[in-house]
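**Student:** Dropping in work_13.cif, with mmCIF, C-alpha atoms.
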data_structure
loop_
_atom_site.group_PDB
_atom_site.id
_atom_site.type_symbol
_atom_site.label_atom_id
_atom_site.label_comp_id
_atom_site.auth_asym_id
_atom_site.auth_seq_id
_atom_site.Cartn_x
_atom_site.Cartn_y
_atom_site.Cartn_z
ATOM 1 C CA MET A 1 140.496 155.947 96.009
ATOM 2 C CA ASN A 2 141.253 154.528 92.574
ATOM 3 C CA GLN A 3 139.123 152.309 90.387
ATOM 4 C CA LYS A 4 140.322 148.713 90.320
ATOM 5 C CA SER A 5 139.133 145.713 88.289
ATOM 6 C CA ASN A 6 141.586 142.967 89.154
ATOM 7 C CA CYS A 7 139.518 141.178 91.789
ATOM 8 C CA ASN A 8 138.240 137.642 91.400
ATOM 9 C CA ALA A 9 134.592 138.579 91.837
ATOM 10 C CA ILE A 10 133.633 140.925 89.021
ATOM 11 C CA GLY A 11 129.952 141.526 88.296
ATOM 12 C CA THR A 12 127.987 143.699 85.926
ATOM 13 C CA ASP A 13 126.650 145.966 88.691
ATOM 14 C CA GLU A 14 129.824 146.011 90.745
ATOM 15 C CA ILE A 15 132.168 148.998 91.221
ATOM 16 C CA ILE A 16 135.574 147.802 92.371
ATOM 17 C CA ILE A 17 137.494 150.295 94.515
ATOM 18 C CA SER A 18 140.613 150.066 96.644
ATOM 19 C CA GLY A 19 141.012 151.521 100.118
ATOM 20 C CA SER A 20 143.967 153.622 101.178
ATOM 21 C CA ASN A 21 146.925 151.908 102.777
ATOM 22 C CA GLY A 22 145.893 151.323 106.380
ATOM 23 C CA TRP A 23 149.439 151.291 107.750
ATOM 24 C CA LEU A 24 150.243 154.638 106.163
ATOM 25 C CA MET A 25 147.102 156.240 107.579
ATOM 26 C CA LEU A 26 147.863 154.700 110.979
ATOM 27 C CA MET A 27 151.311 156.341 110.967
ATOM 28 C CA ILE A 28 149.638 159.664 110.204
ATOM 29 C CA LEU A 29 146.795 159.453 112.707
ATOM 30 C CA LEU A 30 148.755 157.991 115.607
ATOM 31 C CA PRO A 31 150.918 161.119 116.193
ATOM 32 C CA VAL A 32 147.805 163.288 115.854
ATOM 33 C CA LEU A 33 146.025 161.143 118.437
ATOM 34 C CA LEU A 34 148.958 161.420 120.841
ATOM 35 C CA LEU A 35 148.998 165.194 120.363
ATOM 36 C CA ALA A 36 145.263 165.416 121.082
ATOM 37 C CA VAL A 37 145.657 163.349 124.250
ATOM 38 C CA PHE A 38 148.559 165.557 125.333
ATOM 39 C CA LEU A 39 146.522 168.744 124.810
ATOM 40 C CA VAL A 40 143.605 167.375 126.819
ATOM 41 C CA ALA A 41 145.661 165.821 129.613
ATOM 42 C CA THR A 42 148.045 168.725 130.297
ATOM 43 C CA PRO A 43 146.972 171.933 132.109
ATOM 44 C CA GLY A 44 146.123 174.944 130.014
ATOM 45 C CA GLY A 45 143.471 177.439 129.078
ATOM 46 C CA PRO A 46 139.951 176.624 127.849
ATOM 47 C CA ILE A 47 140.978 177.172 124.213
ATOM 48 C CA LYS A 48 143.686 174.545 124.546
ATOM 49 C CA LEU A 49 141.294 172.105 126.192
ATOM 50 C CA ILE A 50 138.545 172.635 123.625
ATOM 51 C CA GLY A 51 141.011 172.393 120.735
ATOM 52 C CA GLY A 52 142.518 169.192 122.166
ATOM 53 C CA ALA A 53 139.062 167.656 122.717
ATOM 54 C CA ALA A 54 137.971 168.535 119.174
ATOM 55 C CA LEU A 55 141.183 167.110 117.718
ATOM 56 C CA LEU A 56 140.774 163.957 119.785
ATOM 57 C CA ALA A 57 137.156 163.489 118.667
ATOM 58 C CA LEU A 58 138.108 164.046 115.023
ATOM 59 C CA THR A 59 141.012 161.602 115.229
ATOM 60 C CA LEU A 60 138.862 158.906 116.834
ATOM 61 C CA PHE A 61 136.204 159.423 114.163
ATOM 62 C CA LEU A 62 138.808 159.040 111.405
ATOM 63 C CA CYS A 63 139.950 155.775 113.011
ATOM 64 C CA LYS A 64 136.548 154.313 112.150
ATOM 65 C CA GLY A 65 137.802 154.060 108.568
ATOM 66 C CA PHE A 66 140.272 151.281 109.433
ATOM 67 C CA PHE A 67 139.317 147.712 108.517
ATOM 68 C CA THR A 68 140.911 144.455 107.393
ATOM 69 C CA LEU A 69 139.887 141.924 104.767
ATOM 70 C CA GLU A 70 140.868 138.272 104.638
ATOM 71 C CA PRO A 71 141.438 136.450 101.320
ATOM 72 C CA ASN A 72 138.203 135.780 99.415
ATOM 73 C CA GLN A 73 136.260 138.379 101.358
ATOM 74 C CA ALA A 74 134.806 141.684 100.190
ATOM 75 C CA ALA A 75 133.394 144.815 101.810
ATOM 76 C CA VAL A 76 130.517 146.711 100.190
ATOM 77 C CA MET A 77 130.701 150.457 100.882
ATOM 78 C CA ILE A 78 127.492 152.453 101.345
ATOM 79 C CA PHE A 79 127.678 156.233 101.548
ATOM 80 C CA PHE A 80 124.500 157.728 103.041
ATOM 81 C CA GLY A 81 122.299 155.121 101.347
ATOM 82 C CA SER A 82 124.141 155.093 98.005
ATOM 83 C CA TYR A 83 126.363 152.317 96.745
ATOM 84 C CA ALA A 84 129.940 153.624 96.662
ATOM 85 C CA GLY A 85 131.839 150.515 95.593
ATOM 86 C CA THR A 86 133.345 147.229 96.740
ATOM 87 C CA VAL A 87 136.770 146.532 98.194
ATOM 88 C CA CYS A 88 137.734 142.914 97.533
ATOM 89 C CA GLU A 89 141.508 142.822 98.024
ATOM 90 C CA SER A 90 142.831 141.318 101.240
ATOM 91 C CA GLY A 91 144.838 143.503 103.606
ATOM 92 C CA PHE A 92 144.651 146.435 106.045
ATOM 93 C CA PHE A 93 142.844 149.506 104.623
ATOM 94 C CA TRP A 94 141.414 152.888 105.459
ATOM 95 C CA VAL A 95 138.350 154.362 103.764
ATOM 96 C CA ASN A 96 136.043 157.296 104.287
ATOM 97 C CA PRO A 97 134.734 156.909 107.860
ATOM 98 C CA PHE A 98 131.266 157.908 106.656
ATOM 99 C CA TYR A 99 131.094 154.660 104.684
ATOM 100 C CA ARG A 100 128.940 151.888 106.140
ATOM 101 C CA ARG A 101 130.610 148.563 105.419
ATOM 102 C CA THR A 102 128.839 145.254 104.696
ATOM 103 C CA SER A 103 131.030 142.158 104.607
ATOM 104 C CA VAL A 104 130.432 139.589 101.874
ATOM 105 C CA SER A 105 132.182 136.222 101.624
ATOM 106 C CA LEU A 106 133.506 135.301 98.177
ATOM 107 C CA ARG A 107 134.407 131.759 99.220
ATOM 108 C CA ILE A 108 132.837 128.700 97.592
ATOM 109 C CA ASN A 109 129.944 127.227 99.577
ATOM 110 C CA ASN A 110 128.083 123.920 99.342
ATOM 111 C CA TRP A 111 124.330 123.491 99.557
ATOM 112 C CA ASN A 112 122.521 120.149 99.646
ATOM 113 C CA THR A 113 118.930 120.431 98.493
ATOM 114 C CA PRO A 114 116.348 118.416 100.435
ATOM 115 C CA VAL A 115 115.057 115.215 98.879
ATOM 116 C CA LEU A 116 112.296 116.311 96.518
ATOM 117 C CA LYS A 117 109.465 114.151 95.196
ATOM 118 C CA VAL A 118 108.922 114.871 91.494
ATOM 119 C CA ASN A 119 107.233 113.207 88.534
ATOM 120 C CA ASP A 120 109.732 112.521 85.757
ATOM 121 C CA GLU A 121 109.011 112.949 82.056
ATOM 122 C CA ARG A 122 107.162 109.610 81.927
ATOM 123 C CA GLY A 123 105.026 110.523 84.934
ATOM 124 C CA SER A 124 106.783 108.169 87.349
ATOM 125 C CA PRO A 125 107.192 109.585 90.879
ATOM 126 C CA ILE A 126 110.866 109.805 91.842
ATOM 127 C CA GLU A 127 112.957 111.199 94.686
ATOM 128 C CA ILE A 128 115.829 113.501 93.768
ATOM 129 C CA ALA A 129 118.307 115.753 95.562
ATOM 130 C CA ALA A 130 121.340 117.720 94.375
ATOM 131 C CA VAL A 131 124.558 119.155 95.806
ATOM 132 C CA ILE A 132 125.475 122.663 94.607
ATOM 133 C CA ALA A 133 128.811 124.472 94.830
ATOM 134 C CA TRP A 134 128.295 128.239 94.603
ATOM 135 C CA ARG A 135 129.898 131.583 95.418
ATOM 136 C CA VAL A 136 129.018 135.279 95.279
ATOM 137 C CA GLN A 137 130.157 136.824 91.992
ATOM 138 C CA ASP A 138 128.470 140.237 92.036
ATOM 139 C CA THR A 139 128.541 141.753 95.532
ATOM 140 C CA ALA A 140 126.259 144.647 94.614
ATOM 141 C CA ARG A 141 123.469 142.324 93.474
ATOM 142 C CA ALA A 142 124.006 139.987 96.423
ATOM 143 C CA VAL A 143 123.577 142.838 98.917
ATOM 144 C CA PHE A 144 120.978 145.069 97.269
ATOM 145 C CA ASP A 145 118.837 142.863 94.969
ATOM 146 C CA VAL A 146 117.899 140.039 97.346
ATOM 147 C CA GLU A 147 117.056 139.923 101.032
ATOM 148 C CA SER A 148 119.093 136.788 101.766
ATOM 149 C CA THR A 149 121.494 135.292 99.247
ATOM 150 C CA LEU A 150 121.479 131.813 100.788
ATOM 151 C CA ASN A 151 117.713 131.693 101.204
ATOM 152 C CA TYR A 152 117.232 132.831 97.613
ATOM 153 C CA LEU A 153 119.618 130.139 96.357
ATOM 154 C CA GLN A 154 117.864 127.437 98.372
ATOM 155 C CA ILE A 155 114.425 128.195 96.969
ATOM 156 C CA GLN A 156 115.546 128.761 93.380
ATOM 157 C CA SER A 157 117.756 125.653 93.304
ATOM 158 C CA GLU A 158 114.834 123.479 94.371
ATOM 159 C CA SER A 159 112.785 124.976 91.547
ATOM 160 C CA ALA A 160 115.584 124.264 89.048
ATOM 161 C CA VAL A 161 115.982 120.656 90.237
ATOM 162 C CA ARG A 162 112.246 120.083 89.796
ATOM 163 C CA GLN A 163 112.379 121.587 86.308
ATOM 164 C CA VAL A 164 115.243 119.343 85.160
ATOM 165 C CA ALA A 165 113.798 116.200 86.757
ATOM 166 C CA SER A 166 110.344 116.684 85.267
ATOM 167 C CA SER A 167 111.750 117.153 81.742
ATOM 168 C CA HIS A 168 113.834 113.936 81.695
ATOM 169 C CA ALA A 169 113.045 110.266 82.178
ATOM 170 C CA TYR A 170 114.477 108.354 85.122
ATOM 171 C CA ASP A 171 115.991 105.566 83.010
ATOM 172 C CA ASP A 172 117.065 105.151 79.387
ATOM 173 C CA THR A 173 114.740 102.157 78.980
ATOM 174 C CA GLU A 174 111.797 104.484 79.573
ATOM 175 C CA ILE A 175 113.134 106.875 76.945
ATOM 176 C CA ALA A 176 113.409 104.053 74.394
ATOM 177 C CA GLU A 177 109.801 103.068 75.054
ATOM 178 C CA GLY A 178 108.720 106.665 74.555
ATOM 179 C CA GLY A 179 110.454 106.854 71.207
ATOM 180 C CA ARG A 180 112.973 109.554 72.220
ATOM 181 C CA SER A 181 116.196 107.645 72.619
ATOM 182 C CA SER A 182 118.333 110.728 71.894
ATOM 183 C CA LYS A 183 117.262 112.447 75.116
ATOM 184 C CA LYS A 184 119.346 112.119 78.279
ATOM 185 C CA SER A 185 118.142 110.107 81.267
ATOM 186 C CA LEU A 186 118.608 111.018 84.915
ATOM 187 C CA ARG A 187 120.210 107.733 85.946
ATOM 188 C CA THR A 188 122.588 106.924 83.087
ATOM 189 C CA ASP A 189 123.678 110.345 81.748
ATOM 190 C CA LEU A 190 124.967 111.866 84.978
ATOM 191 C CA ASP A 191 127.527 114.241 83.426
ATOM 192 C CA ALA A 192 125.077 115.648 80.868
ATOM 193 C CA ILE A 193 122.354 116.051 83.495
ATOM 194 C CA ALA A 194 124.835 117.769 85.830
ATOM 195 C CA GLY A 195 125.615 120.309 83.102
ATOM 196 C CA LEU A 196 121.928 120.973 82.436
ATOM 197 C CA LEU A 197 121.273 121.276 86.173
ATOM 198 C CA ARG A 198 124.085 123.794 86.647
ATOM 199 C CA GLU A 199 122.835 125.912 83.725
ATOM 200 C CA SER A 200 119.259 125.816 84.999
ATOM 201 C CA ILE A 201 120.246 126.861 88.531
ATOM 202 C CA GLN A 202 122.509 129.608 87.150
ATOM 203 C CA GLN A 203 119.608 131.091 85.194
ATOM 204 C CA HIS A 204 117.470 131.102 88.340
ATOM 205 C CA VAL A 205 120.072 132.845 90.569
ATOM 206 C CA ASP A 206 121.654 135.352 88.157
ATOM 207 C CA VAL A 207 119.637 138.171 89.690
ATOM 208 C CA ALA A 208 121.304 137.540 93.072
ATOM 209 C CA GLY A 209 124.864 137.809 91.729
ATOM 210 C CA ILE A 210 125.580 134.129 92.406
ATOM 211 C CA ALA A 211 127.908 131.969 90.298
ATOM 212 C CA VAL A 212 127.153 128.235 90.336
ATOM 213 C CA GLU A 213 130.460 126.383 90.102
ATOM 214 C CA GLU A 214 129.050 122.849 90.063
ATOM 215 C CA ALA A 215 125.758 121.018 90.495
ATOM 216 C CA LYS A 216 125.366 117.253 90.673
ATOM 217 C CA ILE A 217 122.641 114.785 91.588
ATOM 218 C CA ALA A 218 123.310 113.483 95.092
ATOM 219 C CA HIS A 219 120.241 111.254 95.496
ATOM 220 C CA LEU A 220 118.050 109.581 92.880
ATOM 221 C CA ALA A 221 115.499 106.836 93.451
ATOM 222 C CA TYR A 222 111.971 105.818 92.619
ATOM 223 C CA ALA A 223 109.341 106.885 95.122
ATOM 224 C CA PRO A 224 108.544 104.204 97.752
ATOM 225 C CA GLU A 225 105.070 103.492 96.336
ATOM 226 C CA ILE A 226 106.486 102.261 93.006
ATOM 227 C CA ALA A 227 109.979 101.184 94.065
ATOM 228 C CA ASN A 228 109.087 97.473 94.373
ATOM 229 C CA ALA A 229 107.317 97.398 91.018
ATOM 230 C CA MET A 230 110.222 99.145 89.304
ATOM 231 C CA LEU A 231 112.687 96.749 90.952
ATOM 232 C CA ARG A 232 110.785 93.770 89.562
ATOM 233 C CA ARG A 233 110.726 95.456 86.190
ATOM 234 C CA GLN A 234 114.492 95.972 86.231
ATOM 235 C CA GLN A 235 114.985 92.347 87.245
ATOM 236 C CA ALA A 236 112.748 91.207 84.402
ATOM 237 C CA GLU A 237 114.707 93.348 81.938
ATOM 238 C CA ALA A 238 117.957 91.825 83.200
ATOM 239 C CA VAL A 239 116.547 88.313 82.744
ATOM 240 C CA VAL A 240 115.392 89.138 79.201
ATOM 241 C CA LEU A 241 118.824 90.494 78.273
ATOM 242 C CA ALA A 242 120.520 87.421 79.754
ATOM 243 C CA ARG A 243 118.183 85.085 77.857
ATOM 244 C CA GLN A 244 118.838 86.978 74.659
ATOM 245 C CA LYS A 245 122.590 86.497 75.136
ATOM 246 C CA LEU A 246 122.086 82.782 75.750
ATOM 247 C CA VAL A 247 119.903 82.357 72.669
ATOM 248 C CA ASP A 248 122.379 84.222 70.454
ATOM 249 C CA GLY A 249 125.211 82.042 71.739
ATOM 250 C CA ALA A 250 123.249 78.797 71.344
ATOM 251 C CA VAL A 251 122.252 79.646 67.767
ATOM 252 C CA GLY A 252 125.882 80.312 66.900
ATOM 253 C CA MET A 253 127.031 77.021 68.429
ATOM 254 C CA VAL A 254 124.331 75.021 66.590
ATOM 255 C CA GLU A 255 125.241 76.705 63.318
ATOM 256 C CA VAL A 256 128.935 75.853 63.762
ATOM 257 C CA ALA A 257 128.119 72.251 64.732
ATOM 258 C CA LEU A 258 125.923 71.637 61.679
ATOM 259 C CA LYS A 259 128.473 73.235 59.379
ATOM 260 C CA ASN A 260 131.299 71.051 60.753
ATOM 261 C CA LEU A 261 129.214 67.895 60.426
ATOM 262 C CA GLU A 262 128.436 68.669 56.801
ATOM 263 C CA ASP A 263 131.912 69.915 55.822
ATOM 264 C CA LYS A 264 133.673 66.887 57.329
ATOM 265 C CA LYS A 265 131.017 64.533 55.955
ATOM 266 C CA ILE A 266 130.646 62.861 59.329
ATOM 267 C CA VAL A 267 126.966 62.236 58.804
ATOM 268 C CA SER A 268 124.377 63.020 56.175
ATOM 269 C CA LEU A 269 121.218 64.524 57.618
ATOM 270 C CA THR A 270 117.809 64.976 56.117
ATOM 271 C CA SER A 271 115.720 68.076 56.809
ATOM 272 C CA ASP A 272 113.750 66.289 59.509
ATOM 273 C CA GLN A 273 116.941 64.998 61.152
ATOM 274 C CA ARG A 274 118.442 68.498 61.076
ATOM 275 C CA ALA A 275 115.324 69.857 62.776
ATOM 276 C CA VAL A 276 115.506 67.167 65.470
ATOM 277 C CA LEU A 277 119.231 67.792 66.017
ATOM 278 C CA VAL A 278 118.724 71.555 66.271
ATOM 279 C CA THR A 279 115.872 71.082 68.751
ATOM 280 C CA ASN A 280 117.935 68.748 70.933
ATOM 281 C CA MET A 281 121.002 71.014 70.905
ATOM 282 C CA MET A 282 118.978 74.131 71.733
ATOM 283 C CA THR A 283 117.291 72.265 74.574
ATOM 284 C CA VAL A 284 120.632 71.173 76.012
ATOM 285 C CA LEU A 285 122.277 74.597 75.625
ATOM 286 C CA LEU A 286 119.383 76.660 77.018
ATOM 287 C CA SER A 287 118.232 74.326 79.782
ATOM 288 C CA GLU A 288 118.706 75.767 83.281
ATOM 289 C CA SER A 289 119.221 72.251 84.671
ATOM 290 C CA GLY A 290 121.376 69.516 83.239
ATOM 291 C CA ALA A 291 119.649 67.818 80.311
ATOM 292 C CA GLN A 292 119.337 64.011 80.464
ATOM 293 C CA PRO A 293 120.201 62.479 77.080
ATOM 294 C CA VAL A 294 118.071 59.647 75.691
ATOM 295 C CA ILE A 295 120.122 57.133 73.710
ATOM 296 C CA GLN A 296 118.225 55.470 70.934
ATOM 297 C CA MET A 297 119.308 51.909 70.113
ATOM 298 C CA ALA A 298 119.314 50.846 66.506
ATOM 299 C CA GLN A 299 116.429 48.521 65.704
ATOM 300 C CA SER A 300 117.243 45.204 64.035
ATOM 301 C CA THR A 301 115.562 44.466 60.734
ATOM 302 C CA GLN A 302 113.587 41.260 60.234
#
Represent the structure of the file as structure tokens.
**Tutor:**
Amino acid sequence: MNQKSNCNAIGTDEIIISGSNGWLMLMILLPVLLLAVFLVATPGGPIKLIGGAALLALTLFLCKGFFTLEPNQAAVMIFFGSYAGTVCESGFFWVNPFYRRTSVSLRINNWNTPVLKVNDERGSPIEIAAVIAWRVQDTARAVFDVESTLNYLQIQSESAVRQVASSHAYDDTEIAEGGRSSKKSLRTDLDAIAGLLRESIQQHVDVAGIAVEEAKIAHLAYAPEIANAMLRRQQAEAVVLARQKLVDGAVGMVEVALKNLEDKKIVSLTSDQRAVLVTNMMTVLLSESGAQPVIQMAQSTQ
């Protein structure tokens, strides 16, 4: 068998080998098997019978070396307890019949973590879950270094999700209050958090020969005990932002109105009259209900 390194899954501890052509070996062993059956089935002396039986047993033993691999599957070869290499090309092969083969899937798998309850950076209890796309990259590590690849990924991914969630705030408004506006938040910076989550999970599962293709937050919410309070807080923040927009717009409209009145010399206003006009206009513009104007009649002089 020759050394090969053109497979998709290449790891640091992996030895890539290629099996012999299975069809060629089948063409060689099939005539030998027929000959052994002929020697055993036809009459003859004891030497012929023993020789035929031995040839038949040997041929059947050599047939144990035949196996097939589908695309994105690998077979780890173990020779009397020692790692002999990995065959990861699809096809029909023959290898040393003394090899014990362990099949490993190289296909991409998905894993949804359970909903975890974690305290974020600000100490607020939140619920978070992630979806992870992963595959086996190093078959030797996946088979020999961990007991169960999937079980190892499940436990380590939960640990990584907790680590990322506890080191970031749920919302960017909480970050601004904490004085660290440059840091990413879990709710608003989804792409950046996904990258950090993938890197964190990858560091946790490197020992198992796993490659994390993608990791994203699938569920994110405040814990039930503070959800109502946080909802009222978000509503209050939305009201404050809306009021701020209204005030900015009203101030601009009053400024334009006063400037037009003065530039066109429609009326000459004293400081007190300007203050009264500004107050009335701001009241009309910012009132939630329709303002009722009060018309002042000019008083006659005696």
**Student:** Please provide as a list of chain:residue names all residues within 10 Å of region 190-193 of chain A, with the sequence filter that same-chain residues fewer than 2 positions apart are discarded (counting all atoms listed in the file).
**Tutor:**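 These residues fall inside the cut-off: A:Val164, A:Ala165, A:His168, A:Lys184, A:Ser185, A:Leu186, A:Arg187, A:Thr188, A:Gly195, A:Leu196, A:Leu197, A:Arg198, A:Glu199, A:Ala215, A:Lys216, A:Ile217.
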**Student:** Limited to C-alpha atoms, could you put the picked residues into a file as a PDB file, in the coordinates of the input?
**Tutor:**
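Saved result, again-v6.pdb, follows:
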ATOM      1  CA  VAL A 164     115.243 119.343  85.160  1.00  0.00           C
ATOM      2  CA  ALA A 165     113.798 116.200  86.757  1.00  0.00           C
ATOM      3  CA  HIS A 168     113.834 113.936  81.695  1.00  0.00           C
ATOM      4  CA  LYS A 184     119.346 112.119  78.279  1.00  0.00           C
ATOM      5  CA  SER A 185     118.142 110.107  81.267  1.00  0.00           C
ATOM      6  CA  LEU A 186     118.608 111.018  84.915  1.00  0.00           C
ATOM      7  CA  ARG A 187     120.210 107.733  85.946  1.00  0.00           C
ATOM      8  CA  THR A 188     122.588 106.924  83.087  1.00  0.00           C
ATOM      9  CA  GLY A 195     125.615 120.309  83.102  1.00  0.00           C
ATOM     10  CA  LEU A 196     121.928 120.973  82.436  1.00  0.00           C
ATOM     11  CA  LEU A 197     121.273 121.276  86.173  1.00  0.00           C
ATOM     12  CA  ARG A 198     124.085 123.794  86.647  1.00  0.00           C
ATOM     13  CA  GLU A 199     122.835 125.912  83.725  1.00  0.00           C
ATOM     14  CA  ALA A 215     125.758 121.018  90.495  1.00  0.00           C
ATOM     15  CA  LYS A 216     125.366 117.253  90.673  1.00  0.00           C
ATOM     16  CA  ILE A 217     122.641 114.785  91.588  1.00  0.00           C
TER      17      ILE A 217
END
**Student:** Taking only C-alpha atoms into account, which of A:Ser124, A:Val95, A:Lys48, A:Ala75 comes nearest Asn21 (chain A)?
**Tutor:**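 Distance minimum relative to Asn21 (chain A) lands on A:Val95.
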**Student:** Report as a list in words all protein, DNA and RNA residues lying within 9 Å of Ala142 (chain A), evaluated on only C-alpha atoms, omitting residues in the same chain fewer than 3 positions from it.
**Tutor:** Val104, Val136, Gln137, Asp138, Thr139, Asp145, Val146, Glu147, Ser148, Thr149, Val207, Ala208, Gly209 and Ile210 of chain A
**Student:** Check what the PyMOL selection byres ((chain A and resi 23) around 10) selects in the file above and give those residues as a list in words.
**Tutor:** Ser20, Asn21, Gly22, Leu24, Met25, Leu26, Met27, Ile28, Leu29, Phe66, Gly91, Phe92, Phe93 and Trp94 of chain A
**Student:** Quick one: distance from CA of Met77 (chain A) to CA of Thr59 (chain A) in Å, one decimal?
**Tutor:**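 Between these atoms lies a distance of 20.9 Å.
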**Student:** Find the residue from A:Asn96, A:Asn119, A:Thr279, A:Asn112 that sits nearest to Gly19 (chain A); use all atoms listed in the file when measuring.
**Tutor:** A:Asn96
**Student:** Name the closest residue to Leu116 (chain A) among the candidates A:Ala194, A:Val143, A:Ala221, A:Ile17; distances are taken between atoms, counting all atoms listed in the file.
**Tutor:** A:Ala221
**Student:** Measuring atom to atom with only C-alpha atoms, identify which of A:Asn72, A:Ser166, A:Ser271, A:Gln203 is nearest to Pro125 (chain A).
**Tutor:**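 The shortest atom-to-atom distance to Pro125 (chain A) comes from A:Ser166.
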**Student:** Box for region 269-281 of chain A - axis-aligned, 4 Å on each of the six sides, all listed atoms - centre and size in Å to one decimal, as lines of an AutoDock Vina configuration file.
**Tutor:**
center_x = 117.5
center_y = 68.0
center_z = 63.5
size_x = 15.5
size_y = 15.0
size_z = 22.8
**Student:** When distances are computed from all atoms listed in the file, which of A:Val76, A:Ile16, A:Ala54, A:Val278 shows the smallest separation from Thr102 (chain A)?
**Tutor:**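 Nearest candidate to Thr102 (chain A) out of A:Val76, A:Ile16, A:Ala54, A:Val278: A:Val76.
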**Student:** Given the choices A:Ala140, A:Leu58, A:Ala36, A:Ala211, which gets closest to Asn109 (chain A) if the distance is worked out from only C-alpha atoms?
**Tutor:**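 Looking at the shortest contact to Asn109 (chain A), the residue is A:Ala211.
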